[in-house]
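Undergrad: Supplied in structure tokens, the structure appears directly below.
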Amino acid sequence: MKKLLYIVSMLLAVTLLSCQSDKHYVITTYGAISDQTTINTKAIQQAIDDCYNNGGGTVIVPSGHFITGTVLLKDNVTLHVEEGAQLIGSDNPMDYISIDPFTDATGQVRGKCLVGAEGANNIAITGQGIIDGRGELFLSKNIKKTMKRLGVAQSEYGVYASNRPFLVRLVKSSNIQVKDISLRQPAAWTLHFFQSKNILVDGVKIYSHAHKNNDGIDLDSSSDAIIQNCDIDSGDDAICFKTTSPVATSNVVVSNCTLKSDWGTIKFGTESMGDFKNIVVKNCTINDTRGGGIKILSVDGANIDNILIDNIKMNNVDMPIFIRLGERLRTYRDAPKQKVGSIKNIQISNVTAVTRSIEESRVTPPAGIFITGTPNHAVENITLSNIAITLPGGGTAEQVKAVIAEDEKRYPEFSFFGVLPAYGLYARHAKNIVKENITFSLEGEDGREEIIIEEN
């Protein structure tokens with residue numbers, strides 16, 4: 001793992017270059033107006049295009065509030081949003097365009113975004129300002145009002161409402177920096193990288209609670225990435241490793257982030273066609289999470305291998321650790337169906353966690369760690385070391401006899417399995433589970449077993 005950290009750091013140091021030109025292109029020079037009504041898409045895109053055509057440089061969003069539809073970055077262009085500046089999403093869904101559209105795991109068409117890039121090299125989004133998607137405007141009750149105001153036929157509402165725009169979406173691009181910026185309130189995911197490489201996300205602040213599916217950062221079929229010093233408060237997954245194509249997500253280091261979520265915080269899957277390999281998550285704090293602290297899920301064919309998660313502090317978190325190998329085998333982007341994948345060589349160490357109270361837990365009484373494969377496909381080589389989890393208790397001896405459904409083809413959510421027969425660690429369809437210095441503390445009595453491991 002130390003070798004992995006070194007290789008990824010050196011790679012990024014070499015390949016993440018700043019734009020070759022120091023030329024500045026201020027969007028107000030191109031006619032952008034900060035009046036909170038003008039749609040400035042054409043002015044901002046013209047500044048980006050001129051910057052690109054002249055060899056690169058920095059497009060500056062100065063202090064003010066500038067409404068826009070989709071703008072696309074191009075080679076050697078930095079979009080710099082100054083302190084006091086806000087780049088604000090239009091309420092008109094027709095002001096957004098799709099790049100490389102796809103259908104996600106929920107069956108929704110995706111592809112639109114506020115700021116995007118496709119096939120771009122050496123790009124950046126920086127500054128102390130804000131990019132705000134105003135995702136609440138895409139709630140059903142609000143978009144109906146917008147469509148009526150725009151004179152759109154009611155029969156066409158669904159076409160525009162369903163493909164909600166991401167905030168930032170960078171596709172098949174390389175040498176990317178996203179630094180210091182505040183990203184707020186998209187209508188869907190916040191920061192999505194797809195089939196991209198050589199990525200640095202540093203010091204980014206994300207607040208994403210405007211709509212459904214409000215993920216923080218999604219690293220999707222992408223590689224050679226560092227995510228560090230970020231503060232993420234999301235309605236859906238905070239940092240999510242995905243593969244909505246057979247291309248792997250690999251060689252990633254996440255460190256020194258503070259995470260909060262209404263769902264999961266550190267998550268692998270559920271979209272998991274391609275592999276997840278050589279990924280390190282370390283020195284992070286997780287607060288107030290309802291849907292799982294660490295979730296490692298292969299259900300669409302991914303081989304998850306060589307993962308290190310270290311020095312994680314969790315407070316008020318449902319199900320601190322959930323590992324699931326399943327057989328859903330959903331496909332994306334017309335790719336062929338994969339074979340059942342694998343989960344092996346996972347090391348989780350130096351974790352302290354306090355779970356949510358019985359009243360706040362999605363499963364009552366809760367448990368600390370749940371690891372499960374399927375009857376025909378076992379999880380392998382999982383090392384759990386120096387882990388301390390505090391739980392409320394509340395279980396009964398009768399619950400030790402609980403029969404836990406296999407549900408190998410179902411969406412992989414820990415709450416679907418109900419109350420587990422062990423309050424601390426329950427593992428089944430697993431091989432070589434190594435436990436080193438694991439403790440479970442109870443705030444009340446619990447009649448269940450502390451640890452049950454059913455190895456295949």
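Quick note on naming: the chains in the structure tokens go A, B, ... in the order shown, residues restart at 1 in each chain, and ligands are numbered from 1 in order of appearance.
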Could you pull the residues within 8 Å of Lys282 of chain A, counting only C-alpha atoms, minus those fewer than 5 positions along the same chain, as a list in words?
TA: Val253, Val254, Ser255, Asn256, Leu308, Ile309, Asp310, Asn311 and Ile312 of chain A
Undergrad: Could you dump the residues just selected with N, CA and C atoms as a CSV table (one decimal), in the first residue's frame?
TA:
chain,number,residue,atom,x,y,z
A,253,VAL,N,-6.2,7.6,-4.1
A,253,VAL,CA,-5.9,7.9,-2.7
A,253,VAL,C,-6.9,9.0,-2.2
A,254,VAL,N,-7.7,8.7,-1.2
A,254,VAL,CA,-8.6,9.6,-0.6
A,254,VAL,C,-8.0,9.9,0.8
A,255,SER,N,-7.8,11.1,1.2
A,255,SER,CA,-7.3,11.4,2.6
A,255,SER,C,-7.8,12.7,3.1
A,256,ASN,N,-7.8,12.7,4.4
A,256,ASN,CA,-8.1,14.0,5.2
A,256,ASN,C,-9.4,14.7,4.8
A,308,LEU,N,-7.3,-0.6,0.9
A,308,LEU,CA,-6.9,-0.2,2.2
A,308,LEU,C,-7.7,0.9,2.7
A,309,ILE,N,-8.4,0.7,3.9
A,309,ILE,CA,-9.1,1.8,4.5
A,309,ILE,C,-8.6,1.9,5.9
A,310,ASP,N,-8.0,3.1,6.3
A,310,ASP,CA,-7.2,3.2,7.5
A,310,ASP,C,-7.5,4.5,8.2
A,311,ASN,N,-7.5,4.5,9.5
A,311,ASN,CA,-7.7,5.7,10.4
A,311,ASN,C,-8.9,6.5,10.0
A,312,ILE,N,-10.0,5.8,10.3
A,312,ILE,CA,-11.4,6.4,10.1
A,312,ILE,C,-12.1,6.6,11.4
Undergrad: List every residue of segment 146-304 of chain A that DSSP, applied to the backbone of this structure, assigns to alpha helix (DSSP H), and report them as a ChimeraX atom specification.
TA: /A:146-150,157-162
Undergrad: Restrict the selected residues to C-alpha atoms and save them as an mmCIF file, in the first residue's frame.
TA:
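Dumped to part-v3.cif:
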data_model
loop_
_atom_site.group_PDB
_atom_site.id
_atom_site.type_symbol
_atom_site.label_atom_id
_atom_site.label_comp_id
_atom_site.auth_asym_id
_atom_site.auth_seq_id
_atom_site.Cartn_x
_atom_site.Cartn_y
_atom_site.Cartn_z
ATOM 1 C CA THR A 146 -41.150 26.612 -14.924
ATOM 2 C CA MET A 147 -42.498 24.573 -17.834
ATOM 3 C CA LYS A 148 -45.820 26.382 -17.655
ATOM 4 C CA ARG A 149 -44.037 29.749 -17.631
ATOM 5 C CA LEU A 150 -41.982 28.731 -20.663
ATOM 6 C CA TYR A 157 -42.743 17.890 -18.906
ATOM 7 C CA GLY A 158 -41.348 14.454 -18.169
ATOM 8 C CA VAL A 159 -38.749 14.634 -20.942
ATOM 9 C CA TYR A 160 -37.131 17.683 -19.383
ATOM 10 C CA ALA A 161 -37.709 16.833 -15.737
ATOM 11 C CA SER A 162 -36.247 13.303 -15.730
#
Undergrad: Neighbours of segment 83-86 of chain A within 12 Å (only C-alpha atoms; same-chain residues fewer than 2 positions away dropped), as a PyMOL selection string?
TA: chain A and resi 27+33-36+60-68+80-81+88-89+126-134+180-184
Undergrad: Mind writing the picked residues with N, CA and C atoms as a short mmCIF file (atom, residue, chain, number, x, y, z; two decimals), in the first residue's frame?
TA:
data_model
loop_
_atom_site.label_atom_id
_atom_site.label_comp_id
_atom_site.auth_asym_id
_atom_site.auth_seq_id
_atom_site.Cartn_x
_atom_site.Cartn_y
_atom_site.Cartn_z
N ILE A 27 -15.17 36.99 -17.89
CA ILE A 27 -16.43 36.75 -18.60
C ILE A 27 -17.24 38.02 -18.81
N ILE A 33 -23.46 39.31 -17.48
CA ILE A 33 -24.07 40.31 -16.61
C ILE A 33 -24.49 39.67 -15.30
N SER A 34 -24.13 40.32 -14.21
CA SER A 34 -24.49 39.83 -12.87
C SER A 34 -25.76 40.54 -12.41
N ASP A 35 -26.90 40.07 -12.96
CA ASP A 35 -28.16 40.67 -12.55
C ASP A 35 -29.17 39.62 -12.07
N GLN A 36 -28.72 38.37 -11.96
CA GLN A 36 -29.52 37.26 -11.46
C GLN A 36 -30.74 36.95 -12.34
N ILE A 60 -12.03 33.82 -16.01
CA ILE A 60 -12.32 34.33 -14.67
C ILE A 60 -13.79 34.70 -14.54
N VAL A 61 -14.40 34.16 -13.48
CA VAL A 61 -15.74 34.59 -13.08
C VAL A 61 -15.53 35.57 -11.92
N PRO A 62 -15.74 36.88 -12.13
CA PRO A 62 -15.48 37.85 -11.08
C PRO A 62 -16.61 37.90 -10.06
N SER A 63 -16.45 38.70 -9.04
CA SER A 63 -17.47 38.83 -8.01
C SER A 63 -18.81 39.18 -8.62
N GLY A 64 -19.85 38.49 -8.18
CA GLY A 64 -21.19 38.70 -8.72
C GLY A 64 -21.92 37.39 -8.83
N HIS A 65 -23.15 37.43 -9.32
CA HIS A 65 -24.00 36.26 -9.45
C HIS A 65 -24.37 36.10 -10.93
N PHE A 66 -23.84 35.04 -11.56
CA PHE A 66 -23.98 34.86 -13.00
C PHE A 66 -24.75 33.57 -13.28
N ILE A 67 -25.92 33.69 -13.88
CA ILE A 67 -26.73 32.54 -14.22
C ILE A 67 -26.27 31.99 -15.57
N THR A 68 -26.26 30.65 -15.68
CA THR A 68 -25.81 30.05 -16.93
C THR A 68 -26.45 28.68 -17.11
N HIS A 80 -11.82 29.82 -13.25
CA HIS A 80 -11.50 30.33 -11.91
C HIS A 80 -12.67 31.19 -11.43
N VAL A 81 -13.31 30.73 -10.36
CA VAL A 81 -14.45 31.45 -9.78
C VAL A 81 -13.93 32.20 -8.55
N ILE A 88 -24.28 30.24 -11.30
CA ILE A 88 -25.58 29.73 -10.84
C ILE A 88 -26.30 29.05 -11.99
N GLY A 89 -26.87 27.87 -11.73
CA GLY A 89 -27.58 27.14 -12.75
C GLY A 89 -28.91 27.76 -13.13
N THR A 126 -11.12 26.18 -10.26
CA THR A 126 -10.47 26.67 -9.06
C THR A 126 -11.20 27.89 -8.52
N GLY A 127 -10.73 28.36 -7.35
CA GLY A 127 -11.22 29.62 -6.80
C GLY A 127 -11.97 29.44 -5.50
N GLN A 128 -12.17 30.55 -4.81
CA GLN A 128 -12.87 30.56 -3.53
C GLN A 128 -14.35 30.84 -3.69
N GLY A 129 -14.83 30.87 -4.93
CA GLY A 129 -16.23 31.16 -5.17
C GLY A 129 -17.10 29.92 -5.11
N ILE A 130 -18.33 30.05 -5.65
CA ILE A 130 -19.36 29.02 -5.53
C ILE A 130 -19.92 28.69 -6.91
N ILE A 131 -20.12 27.39 -7.15
CA ILE A 131 -20.92 26.93 -8.28
C ILE A 131 -22.17 26.30 -7.68
N ASP A 132 -23.33 26.86 -8.00
CA ASP A 132 -24.59 26.48 -7.36
C ASP A 132 -25.59 26.02 -8.42
N GLY A 133 -26.02 24.75 -8.33
CA GLY A 133 -26.93 24.21 -9.34
C GLY A 133 -28.39 24.53 -9.13
N ARG A 134 -28.75 25.06 -7.95
CA ARG A 134 -30.14 25.36 -7.62
C ARG A 134 -31.05 24.17 -7.95
N ASP A 180 -10.34 24.03 -4.17
CA ASP A 180 -10.78 25.14 -3.30
C ASP A 180 -12.20 25.63 -3.55
N ILE A 181 -12.84 25.17 -4.58
CA ILE A 181 -14.14 25.67 -4.97
C ILE A 181 -15.23 25.12 -4.05
N SER A 182 -16.33 25.85 -3.90
CA SER A 182 -17.52 25.36 -3.21
C SER A 182 -18.55 24.93 -4.25
N LEU A 183 -19.00 23.69 -4.14
CA LEU A 183 -19.97 23.14 -5.07
C LEU A 183 -21.26 22.88 -4.30
N ARG A 184 -22.37 23.43 -4.80
CA ARG A 184 -23.60 23.41 -4.01
C ARG A 184 -24.82 23.00 -4.84
#
Undergrad: If we count only C-alpha atoms and set the cut-off at 9 Å, which residues sit around Glu327 of chain A, ignoring sequence neighbours fewer than 4 positions away in its own chain? Please answer as a list in words.
TA: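 These residues fall inside the cut-off: Ser298, Val299, Asp300, Gly301, Lys339, Val340, Gly341, Thr374, Asp407, Glu408, Lys409 and Arg410 of chain A.
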Undergrad: Dump N, CA and C atoms for the selected residues as a PDB file, in the first residue's frame?
TA:
ATOM      1  N   SER A 298     -19.837  -5.238  -4.604  1.00  0.00           N
ATOM      2  CA  SER A 298     -19.689  -5.702  -5.984  1.00  0.00           C
ATOM      3  C   SER A 298     -20.905  -6.529  -6.320  1.00  0.00           C
ATOM      4  N   VAL A 299     -21.745  -6.022  -7.228  1.00  0.00           N
ATOM      5  CA  VAL A 299     -22.974  -6.746  -7.580  1.00  0.00           C
ATOM      6  C   VAL A 299     -23.201  -6.852  -9.083  1.00  0.00           C
ATOM      7  N   ASP A 300     -22.377  -6.174  -9.885  1.00  0.00           N
ATOM      8  CA  ASP A 300     -22.554  -6.197 -11.336  1.00  0.00           C
ATOM      9  C   ASP A 300     -21.350  -6.814 -12.054  1.00  0.00           C
ATOM     10  N   GLY A 301     -20.473  -7.490 -11.305  1.00  0.00           N
ATOM     11  CA  GLY A 301     -19.341  -8.174 -11.925  1.00  0.00           C
ATOM     12  C   GLY A 301     -17.978  -7.642 -11.554  1.00  0.00           C
ATOM     13  N   LYS A 339     -19.619 -11.576 -15.673  1.00  0.00           N
ATOM     14  CA  LYS A 339     -19.740 -12.689 -14.747  1.00  0.00           C
ATOM     15  C   LYS A 339     -19.745 -12.148 -13.318  1.00  0.00           C
ATOM     16  N   VAL A 340     -20.174 -12.979 -12.370  1.00  0.00           N
ATOM     17  CA  VAL A 340     -20.139 -12.568 -10.971  1.00  0.00           C
ATOM     18  C   VAL A 340     -18.703 -12.223 -10.590  1.00  0.00           C
ATOM     19  N   GLY A 341     -18.539 -11.108  -9.888  1.00  0.00           N
ATOM     20  CA  GLY A 341     -17.205 -10.624  -9.547  1.00  0.00           C
ATOM     21  C   GLY A 341     -16.649 -11.254  -8.278  1.00  0.00           C
ATOM     22  N   THR A 374     -22.270 -14.846  -1.458  1.00  0.00           N
ATOM     23  CA  THR A 374     -23.435 -15.645  -1.807  1.00  0.00           C
ATOM     24  C   THR A 374     -23.064 -17.116  -1.642  1.00  0.00           C
ATOM     25  N   ASP A 407     -30.903 -13.065  -0.974  1.00  0.00           N
ATOM     26  CA  ASP A 407     -31.169 -11.870  -1.795  1.00  0.00           C
ATOM     27  C   ASP A 407     -29.986 -11.492  -2.679  1.00  0.00           C
ATOM     28  N   GLU A 408     -29.353 -12.479  -3.304  1.00  0.00           N
ATOM     29  CA  GLU A 408     -28.113 -12.209  -4.034  1.00  0.00           C
ATOM     30  C   GLU A 408     -28.316 -11.361  -5.283  1.00  0.00           C
ATOM     31  N   LYS A 409     -29.560 -11.306  -5.793  1.00  0.00           N
ATOM     32  CA  LYS A 409     -29.807 -10.532  -7.017  1.00  0.00           C
ATOM     33  C   LYS A 409     -30.460  -9.178  -6.722  1.00  0.00           C
ATOM     34  N   ARG A 410     -30.680  -8.883  -5.461  1.00  0.00           N
ATOM     35  CA  ARG A 410     -31.355  -7.648  -5.077  1.00  0.00           C
ATOM     36  C   ARG A 410     -30.359  -6.504  -4.922  1.00  0.00           C
TER      37      ARG A 410
END
Undergrad: For segment 383-395 of chain A, list every protein, DNA or RNA residue within 7 Å, evaluated using only C-alpha atoms, and leave out those in the same chain fewer than 3 positions away; present the list as a PyMOL selection string.
TA: chain A and resi 346-355+357-358+365+368+399+433-448
Undergrad: Could you please take those selected residues and save N, CA and C atoms as a PDB file, in the first residue's frame?
TA:
ATOM      1  N   ILE A 346      -8.953  -7.090   1.259  1.00  0.00           N
ATOM      2  CA  ILE A 346      -9.453  -5.836   1.822  1.00  0.00           C
ATOM      3  C   ILE A 346      -8.882  -5.686   3.226  1.00  0.00           C
ATOM      4  N   GLN A 347      -8.256  -4.552   3.503  1.00  0.00           N
ATOM      5  CA  GLN A 347      -7.731  -4.277   4.839  1.00  0.00           C
ATOM      6  C   GLN A 347      -8.407  -3.030   5.390  1.00  0.00           C
ATOM      7  N   ILE A 348      -9.091  -3.192   6.523  1.00  0.00           N
ATOM      8  CA  ILE A 348      -9.735  -2.069   7.205  1.00  0.00           C
ATOM      9  C   ILE A 348      -9.138  -1.990   8.603  1.00  0.00           C
ATOM     10  N   SER A 349      -8.524  -0.860   8.926  1.00  0.00           N
ATOM     11  CA  SER A 349      -7.766  -0.779  10.176  1.00  0.00           C
ATOM     12  C   SER A 349      -7.928   0.576  10.847  1.00  0.00           C
ATOM     13  N   ASN A 350      -7.729   0.558  12.161  1.00  0.00           N
ATOM     14  CA  ASN A 350      -7.715   1.792  12.965  1.00  0.00           C
ATOM     15  C   ASN A 350      -8.997   2.601  12.768  1.00  0.00           C
ATOM     16  N   VAL A 351     -10.098   1.942  13.087  1.00  0.00           N
ATOM     17  CA  VAL A 351     -11.419   2.547  12.955  1.00  0.00           C
ATOM     18  C   VAL A 351     -12.065   2.649  14.332  1.00  0.00           C
ATOM     19  N   THR A 352     -12.587   3.826  14.657  1.00  0.00           N
ATOM     20  CA  THR A 352     -13.440   3.976  15.828  1.00  0.00           C
ATOM     21  C   THR A 352     -14.804   4.454  15.346  1.00  0.00           C
ATOM     22  N   ALA A 353     -15.853   3.866  15.916  1.00  0.00           N
ATOM     23  CA  ALA A 353     -17.195   4.211  15.450  1.00  0.00           C
ATOM     24  C   ALA A 353     -18.189   4.167  16.599  1.00  0.00           C
ATOM     25  N   VAL A 354     -19.102   5.126  16.597  1.00  0.00           N
ATOM     26  CA  VAL A 354     -20.254   5.130  17.487  1.00  0.00           C
ATOM     27  C   VAL A 354     -21.485   5.090  16.594  1.00  0.00           C
ATOM     28  N   THR A 355     -22.311   4.069  16.774  1.00  0.00           N
ATOM     29  CA  THR A 355     -23.479   3.943  15.913  1.00  0.00           C
ATOM     30  C   THR A 355     -24.611   4.857  16.378  1.00  0.00           C
ATOM     31  N   SER A 357     -28.405   5.797  17.665  1.00  0.00           N
ATOM     32  CA  SER A 357     -29.225   5.233  18.729  1.00  0.00           C
ATOM     33  C   SER A 357     -30.251   4.257  18.145  1.00  0.00           C
ATOM     34  N   ILE A 358     -30.865   3.473  19.016  1.00  0.00           N
ATOM     35  CA  ILE A 358     -31.900   2.550  18.557  1.00  0.00           C
ATOM     36  C   ILE A 358     -33.026   3.302  17.850  1.00  0.00           C
ATOM     37  N   PRO A 365     -32.571  -3.797  16.555  1.00  0.00           N
ATOM     38  CA  PRO A 365     -31.343  -3.137  16.972  1.00  0.00           C
ATOM     39  C   PRO A 365     -30.256  -3.235  15.892  1.00  0.00           C
ATOM     40  N   GLY A 368     -22.647  -3.806  13.994  1.00  0.00           N
ATOM     41  CA  GLY A 368     -21.463  -3.027  13.656  1.00  0.00           C
ATOM     42  C   GLY A 368     -20.849  -3.352  12.313  1.00  0.00           C
ATOM     43  N   GLN A 399     -33.257 -13.408  18.643  1.00  0.00           N
ATOM     44  CA  GLN A 399     -32.787 -12.894  17.357  1.00  0.00           C
ATOM     45  C   GLN A 399     -31.528 -13.585  16.859  1.00  0.00           C
ATOM     46  N   ILE A 433     -11.332 -14.558   7.136  1.00  0.00           N
ATOM     47  CA  ILE A 433     -11.601 -13.289   7.816  1.00  0.00           C
ATOM     48  C   ILE A 433     -10.630 -13.196   8.995  1.00  0.00           C
ATOM     49  N   VAL A 434      -9.734 -12.226   8.954  1.00  0.00           N
ATOM     50  CA  VAL A 434      -8.721 -12.057   9.987  1.00  0.00           C
ATOM     51  C   VAL A 434      -9.151 -10.930  10.923  1.00  0.00           C
ATOM     52  N   LYS A 435      -9.217 -11.217  12.227  1.00  0.00           N
ATOM     53  CA  LYS A 435      -9.611 -10.223  13.226  1.00  0.00           C
ATOM     54  C   LYS A 435      -8.423  -9.968  14.148  1.00  0.00           C
ATOM     55  N   GLU A 436      -8.086  -8.706  14.304  1.00  0.00           N
ATOM     56  CA  GLU A 436      -6.984  -8.329  15.189  1.00  0.00           C
ATOM     57  C   GLU A 436      -7.418  -7.123  16.026  1.00  0.00           C
ATOM     58  N   ASN A 437      -7.565  -7.333  17.320  1.00  0.00           N
ATOM     59  CA  ASN A 437      -7.898  -6.248  18.240  1.00  0.00           C
ATOM     60  C   ASN A 437      -9.190  -5.541  17.837  1.00  0.00           C
ATOM     61  N   ILE A 438     -10.260  -6.319  17.787  1.00  0.00           N
ATOM     62  CA  ILE A 438     -11.586  -5.766  17.501  1.00  0.00           C
ATOM     63  C   ILE A 438     -12.403  -5.791  18.784  1.00  0.00           C
ATOM     64  N   THR A 439     -13.002  -4.662  19.138  1.00  0.00           N
ATOM     65  CA  THR A 439     -13.821  -4.586  20.347  1.00  0.00           C
ATOM     66  C   THR A 439     -15.173  -3.960  20.029  1.00  0.00           C
ATOM     67  N   PHE A 440     -16.205  -4.489  20.694  1.00  0.00           N
ATOM     68  CA  PHE A 440     -17.556  -3.954  20.559  1.00  0.00           C
ATOM     69  C   PHE A 440     -18.058  -3.618  21.955  1.00  0.00           C
ATOM     70  N   SER A 441     -18.424  -2.359  22.161  1.00  0.00           N
ATOM     71  CA  SER A 441     -18.912  -1.900  23.453  1.00  0.00           C
ATOM     72  C   SER A 441     -20.402  -1.631  23.368  1.00  0.00           C
ATOM     73  N   LEU A 442     -21.130  -2.093  24.386  1.00  0.00           N
ATOM     74  CA  LEU A 442     -22.581  -1.934  24.408  1.00  0.00           C
ATOM     75  C   LEU A 442     -23.003  -0.915  25.456  1.00  0.00           C
ATOM     76  N   GLU A 443     -23.933  -0.034  25.087  1.00  0.00           N
ATOM     77  CA  GLU A 443     -24.487   0.921  26.034  1.00  0.00           C
ATOM     78  C   GLU A 443     -25.686   0.342  26.774  1.00  0.00           C
ATOM     79  N   GLY A 444     -26.197  -0.789  26.286  1.00  0.00           N
ATOM     80  CA  GLY A 444     -27.293  -1.499  26.939  1.00  0.00           C
ATOM     81  C   GLY A 444     -27.130  -2.977  26.682  1.00  0.00           C
ATOM     82  N   GLU A 445     -27.949  -3.790  27.295  1.00  0.00           N
ATOM     83  CA  GLU A 445     -27.828  -5.228  27.130  1.00  0.00           C
ATOM     84  C   GLU A 445     -28.227  -5.656  25.720  1.00  0.00           C
ATOM     85  N   ASP A 446     -27.585  -6.745  25.252  1.00  0.00           N
ATOM     86  CA  ASP A 446     -27.913  -7.296  23.940  1.00  0.00           C
ATOM     87  C   ASP A 446     -27.793  -8.812  24.035  1.00  0.00           C
ATOM     88  N   GLY A 447     -28.881  -9.522  23.748  1.00  0.00           N
ATOM     89  CA  GLY A 447     -28.894 -10.970  23.885  1.00  0.00           C
ATOM     90  C   GLY A 447     -28.327 -11.707  22.695  1.00  0.00           C
ATOM     91  N   ARG A 448     -27.952 -11.010  21.643  1.00  0.00           N
ATOM     92  CA  ARG A 448     -27.369 -11.670  20.476  1.00  0.00           C
ATOM     93  C   ARG A 448     -25.903 -12.023  20.724  1.00  0.00           C
TER      94      ARG A 448
END
Undergrad: Residues within 12 Å of Lys42 of chain A, please, as a list in words. Count only C-alpha atoms; anything in the same chain fewer than 2 positions from it doesn't count.
TA: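 Once the nearby chain positions are removed, what remains is Ile27, Thr28, Tyr30, Gly31, Ala32, Ile33, Thr38, Ile39, Asn40, Ile44, Gln45, Gln46, Ala47, Ile48, Asp49, Phe66, Ile67, Thr68, Gly69, Thr70, Val71, Leu72 and Asp95 of chain A.
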Undergrad: Kindly indicate which residue among A:Ile176, A:Met273, A:Ile217, A:Ile123 lies nearest to Asp104 of chain A, using only C-alpha atoms for the distances.
TA: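 Of A:Ile176, A:Met273, A:Ile217, A:Ile123, the one nearest Asp104 of chain A, counting only C-alpha atoms, is A:Met273.
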Undergrad: Residues of segment 134-215 of chain A that have any atom at most 7 Å from an atom of segment 229-232 of chain A: could you tabulate them with the shortest-distance atom pair and the distance in Å to one decimal, using only C-alpha atoms, ordered by chain and increasing number, as JSON lines?
TA:
{"residue": "A:Asp202", "atom": "CA", "partner": "A:Asn229", "partner_atom": "CA", "distance": 5.7}
{"residue": "A:Gly203", "atom": "CA", "partner": "A:Asn229", "partner_atom": "CA", "distance": 4.7}
{"residue": "A:Val204", "atom": "CA", "partner": "A:Cys230", "partner_atom": "CA", "distance": 4.9}
{"residue": "A:Lys205", "atom": "CA", "partner": "A:Asp231", "partner_atom": "CA", "distance": 4.8}
{"residue": "A:Ile206", "atom": "CA", "partner": "A:Ile232", "partner_atom": "CA", "distance": 4.7}
{"residue": "A:Tyr207", "atom": "CA", "partner": "A:Ile232", "partner_atom": "CA", "distance": 6.2}
Undergrad: Would you mind exporting C-alpha atoms of the selected residues as a tab-separated table (two decimals), in the first residue's frame?
TA:
chain	number	residue	atom	x	y	z
A	202	ASP	CA	-8.20	19.29	-3.20
A	203	GLY	CA	-9.89	21.49	-0.63
A	204	VAL	CA	-13.33	21.28	-2.25
A	205	LYS	CA	-16.45	21.99	-0.19
A	206	ILE	CA	-19.66	20.24	-1.21
A	207	TYR	CA	-23.17	20.79	0.10
Undergrad: Please list as number ranges by chain every residue within 6 Å of Thr58 of chain A, counting only C-alpha atoms and excluding residues in the same chain fewer than 6 positions away.
TA: A: 24, 77-79
Undergrad: Store the residues picked out above in a file with N, CA and C atoms, as a JSON list (two decimals), in the first residue's frame.
TA:
[["chain", "number", "residue", "atom", "x", "y", "z"],
["A", 24, "HIS", "N", -5.61, 35.81, -19.18],
["A", 24, "HIS", "CA", -6.86, 35.82, -18.44],
["A", 24, "HIS", "C", -7.99, 36.30, -19.35],
["A", 77, "VAL", "N", -7.64, 24.93, -20.31],
["A", 77, "VAL", "CA", -8.47, 26.02, -19.77],
["A", 77, "VAL", "C", -8.72, 25.78, -18.28],
["A", 78, "THR", "N", -8.47, 26.82, -17.48],
["A", 78, "THR", "CA", -8.85, 26.85, -16.07],
["A", 78, "THR", "C", -10.05, 27.77, -15.90],
["A", 79, "LEU", "N", -11.09, 27.27, -15.27],
["A", 79, "LEU", "CA", -12.24, 28.10, -14.91],
["A", 79, "LEU", "C", -12.03, 28.53, -13.46]]
Undergrad: Find the distance between atom CA of Gly418 of chain A and atom CA of Pro375 of chain A and write it in Å to one decimal.
TA: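 Between these atoms lies a distance of 18.7 Å.
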Undergrad: Nearest residue to Ala225 of chain A out of A:Asn213, A:Asn92, A:Gln185, A:Thr249, using only C-alpha atoms?
TA: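 Residue with the minimum atom-to-atom distance to Ala225 of chain A: A:Thr249.
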Undergrad: Smallest atom-to-atom distance to Gly107 of chain A: which of A:Ser155, A:Asn163, A:Gln228, A:Ile321, using only C-alpha atoms?
TA: A:Asn163
Undergrad: Closest to Asn278 of chain A among A:Ala402, A:Ala153, A:Val252, A:Ile296, using only C-alpha atoms?
TA: A:Val252
Undergrad: Could you tell me how far atom CA of Asn456 of chain A sits from atom CA of Val379 of chain A, in Å to one decimal place?
TA: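 Distance reported for this atom pair: 9.0 Å.
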